[in-house]
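Below: one structure, written as structure tokens.
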Amino acid sequence: MEQFRNDRLRPNLLAIELTEAKNGVSKLHARVANFRDRNNDKVKFQAITNGIDLETWVLPETLQTYRNHGIIDKFGLPTNDFSEKLNSLSSADLRYLKKLGRKELNRVLLNRQDQYGKSIQIPENAILFDFKRRFANYKRPYMPFENPDSLRQILISHNAHYILTGKVHQGDVTMYQKLLEVLKLIDQRSSPQGSVFITYKIMTKSWGER
């Protein structure tokens, strides 16, 4: 592999040569990652699932409940007996946290609009499915729409909503077109029943609600 470009060392090559572990964020990502080192040998990537920062992504009340019940330690890591501690949470605790989570979600969604310019709100008693990741091919965000009739029936039968959110990588023309195809499919399948919410940047598409 070319080590220099325009008389400058390539930083991605330097990172590969100096780092001890080379990880992909999923099994598929590790398998399809195609990078070669300075000897032009293909780099082997390991599949390591990404962690999350609890303070950033978890509702404060849920996080405090985890701490109070010994589910996570002072570093935000699972305790040795976290599974048993999770099972000790009562149904009332779970319903309360779910209600708070839905309230917070709808607070955030008040600042969002669908592609018809309408605000978005998820009913308290509705089931919610979501895909909150980059709209990248290896993440296969289009899979739920490969059988749209089945997906639509699941949503109608279970009073469910589907939120798909995430940007297409800059310059990824193929996935941008795939996103447009998904949105077009939803337009074609709209009906008075059921809803699928497709969120892209600030746009949200409701499947079944005009």
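Ordering of the structure tokens sets the chain letters (A, B, ...); residue numbers start at 1 within each chain; ligands are numbered from 1 in the order shown.
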Backbone DSSP call of strand (DSSP E) for stretch 91-199 of chain A, listed as a list of chain:residue names: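 Reading the DSSP output for stretch 91-199 of chain A, strand (DSSP E) covers A:Gln113, A:Asp114, A:Ile127, A:Leu128, A:Phe129, A:Asp130, A:Phe131, A:Lys132, A:Ala160, A:His161, A:Tyr162, A:Ile163, A:Leu164, A:Thr165, A:Phe197, A:Ile198, A:Thr199.
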Can I get the selection written as a CSV table (one decimal), in the first residue's frame, with N, CA and C atoms?
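Final output, again33.csv:
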chain,number,residue,atom,x,y,z
A,113,GLN,N,-40.4,17.5,12.7
A,113,GLN,CA,-41.5,17.5,11.8
A,113,GLN,C,-41.4,16.4,10.8
A,114,ASP,N,-42.6,15.8,10.4
A,114,ASP,CA,-42.5,14.8,9.3
A,114,ASP,C,-42.4,15.6,8.0
A,127,ILE,N,-46.4,0.4,21.0
A,127,ILE,CA,-45.1,-0.3,20.9
A,127,ILE,C,-44.2,0.5,20.0
A,128,LEU,N,-42.9,0.6,20.3
A,128,LEU,CA,-42.0,1.4,19.5
A,128,LEU,C,-40.8,0.5,19.0
A,129,PHE,N,-40.6,0.4,17.7
A,129,PHE,CA,-39.4,-0.2,17.2
A,129,PHE,C,-38.6,0.9,16.6
A,130,ASP,N,-37.2,0.7,16.6
A,130,ASP,CA,-36.4,1.8,16.1
A,130,ASP,C,-35.1,1.3,15.5
A,131,PHE,N,-34.6,2.1,14.6
A,131,PHE,CA,-33.2,1.8,14.0
A,131,PHE,C,-32.5,3.1,14.1
A,132,LYS,N,-31.7,3.3,15.2
A,132,LYS,CA,-31.0,4.6,15.4
A,132,LYS,C,-29.5,4.4,15.1
A,160,ALA,N,-48.1,-0.5,16.7
A,160,ALA,CA,-46.6,-0.3,16.8
A,160,ALA,C,-46.2,0.8,15.8
A,161,HIS,N,-45.1,1.5,16.2
A,161,HIS,CA,-44.5,2.5,15.4
A,161,HIS,C,-43.1,2.1,15.1
A,162,TYR,N,-42.6,2.5,13.9
A,162,TYR,CA,-41.2,2.2,13.6
A,162,TYR,C,-40.5,3.5,13.3
A,163,ILE,N,-39.4,3.7,14.0
A,163,ILE,CA,-38.6,4.9,13.8
A,163,ILE,C,-37.2,4.5,13.2
A,164,LEU,N,-37.0,5.1,12.0
A,164,LEU,CA,-35.7,4.9,11.4
A,164,LEU,C,-35.0,6.2,11.3
A,165,THR,N,-33.8,6.3,11.9
A,165,THR,CA,-33.2,7.6,12.0
A,165,THR,C,-31.7,7.4,11.7
A,197,PHE,N,-42.8,5.2,11.2
A,197,PHE,CA,-42.2,6.6,11.2
A,197,PHE,C,-40.8,6.4,10.7
A,198,ILE,N,-40.5,7.1,9.6
A,198,ILE,CA,-39.1,7.1,9.1
A,198,ILE,C,-38.5,8.4,9.3
A,199,THR,N,-37.5,8.5,10.1
A,199,THR,CA,-36.9,9.8,10.4
A,199,THR,C,-35.5,9.9,9.7
What's around A:Met143 at 12 Å? Count only C-alpha atoms, leave out sequence neighbours fewer than 6 positions away in its own chain, and write the answer as a list in words.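 The filter keeps Phe131, Phe135, Ala136, Asn137, Ser150, Leu151, Leu164, Lys178, Leu179 and Val182 of chain A.
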Can I get the selection written as a short mmCIF file (atom, residue, chain, number, x, y, z; two decimals), in the first residue's frame, with N, CA and C atoms?
data_model
loop_
_atom_site.label_atom_id
_atom_site.label_comp_id
_atom_site.auth_asym_id
_atom_site.auth_seq_id
_atom_site.Cartn_x
_atom_site.Cartn_y
_atom_site.Cartn_z
N PHE A 131 -34.55 2.07 14.63
CA PHE A 131 -33.24 1.81 14.04
C PHE A 131 -32.48 3.12 14.11
N PHE A 135 -27.18 5.25 8.25
CA PHE A 135 -27.84 4.57 7.14
C PHE A 135 -26.74 4.05 6.21
N ALA A 136 -26.07 2.98 6.66
CA ALA A 136 -24.95 2.40 5.92
C ALA A 136 -25.30 0.99 5.49
N ASN A 137 -24.75 0.55 4.38
CA ASN A 137 -25.13 -0.73 3.80
C ASN A 137 -24.86 -1.90 4.73
N SER A 150 -45.72 -7.70 5.33
CA SER A 150 -45.59 -8.32 6.65
C SER A 150 -45.29 -7.27 7.72
N LEU A 151 -44.40 -6.34 7.38
CA LEU A 151 -44.07 -5.28 8.32
C LEU A 151 -45.30 -4.45 8.66
N LEU A 164 -36.96 5.07 12.02
CA LEU A 164 -35.67 4.86 11.35
C LEU A 164 -34.97 6.20 11.28
N LYS A 178 -31.00 4.28 -1.88
CA LYS A 178 -31.74 3.25 -1.14
C LYS A 178 -32.71 3.89 -0.15
N LEU A 179 -32.28 4.96 0.50
CA LEU A 179 -33.16 5.67 1.42
C LEU A 179 -34.37 6.23 0.69
N VAL A 182 -36.83 3.52 0.04
CA VAL A 182 -37.61 3.16 1.22
C VAL A 182 -38.73 4.16 1.45
#
Pick the closest to A:Leu180 from A:Tyr142, A:Asn39, A:Glu104, A:Ile156: which is it, counting only C-alpha atoms?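 So, comparing all the options, the nearest one is A:Tyr142.
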In Å, rounded to a single decimal, give me how far atom CA of A:Ser83 is from atom CA of A:Ile71.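 Here the two named atoms are 7.7 Å from each other.
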Give me, please, the distance in Å between atom CA of A:Lys139 and atom CA of A:Leu183, quoted to one decimal.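 That distance, rounded to one decimal, is 17.6 Å.
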Identify, on the basis of only C-alpha atoms, every residue whose closest approach to stretch 92-96 of chain A does not exceed 10 Å; exclude the query and any residue fewer than 3 positions from it along the same chain; express the result as JSON, numbers by chain. {"A": [61, 62, 65, 88, 89, 99, 100, 101]}
For the residues in the current selection, export C-alpha atoms as a compact mmCIF listing (two decimals), in the first residue's frame.
# COMPACT_ATOMS: atom_id res chain seq x y z
CA GLU A 61 -34.27 8.18 36.31
CA THR A 62 -33.43 4.81 34.75
CA THR A 65 -32.70 3.04 39.41
CA SER A 88 -35.57 -7.97 41.00
CA LEU A 89 -37.12 -4.84 39.45
CA LYS A 99 -43.81 6.03 30.94
CA LEU A 100 -41.05 8.53 31.75
CA GLY A 101 -39.10 7.44 28.68
Could you tell me, as a PyMOL selection string, which residues of stretch 134-167 of chain A DSSP assigns to alpha helix (DSSP H) when given the backbone? chain A and resi 148-157
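Minimum distance to A:Arg134 across A:Ile48, A:Leu110, A:Ile122, A:Val168 (counting only C-alpha atoms) occurs at A:Val168.
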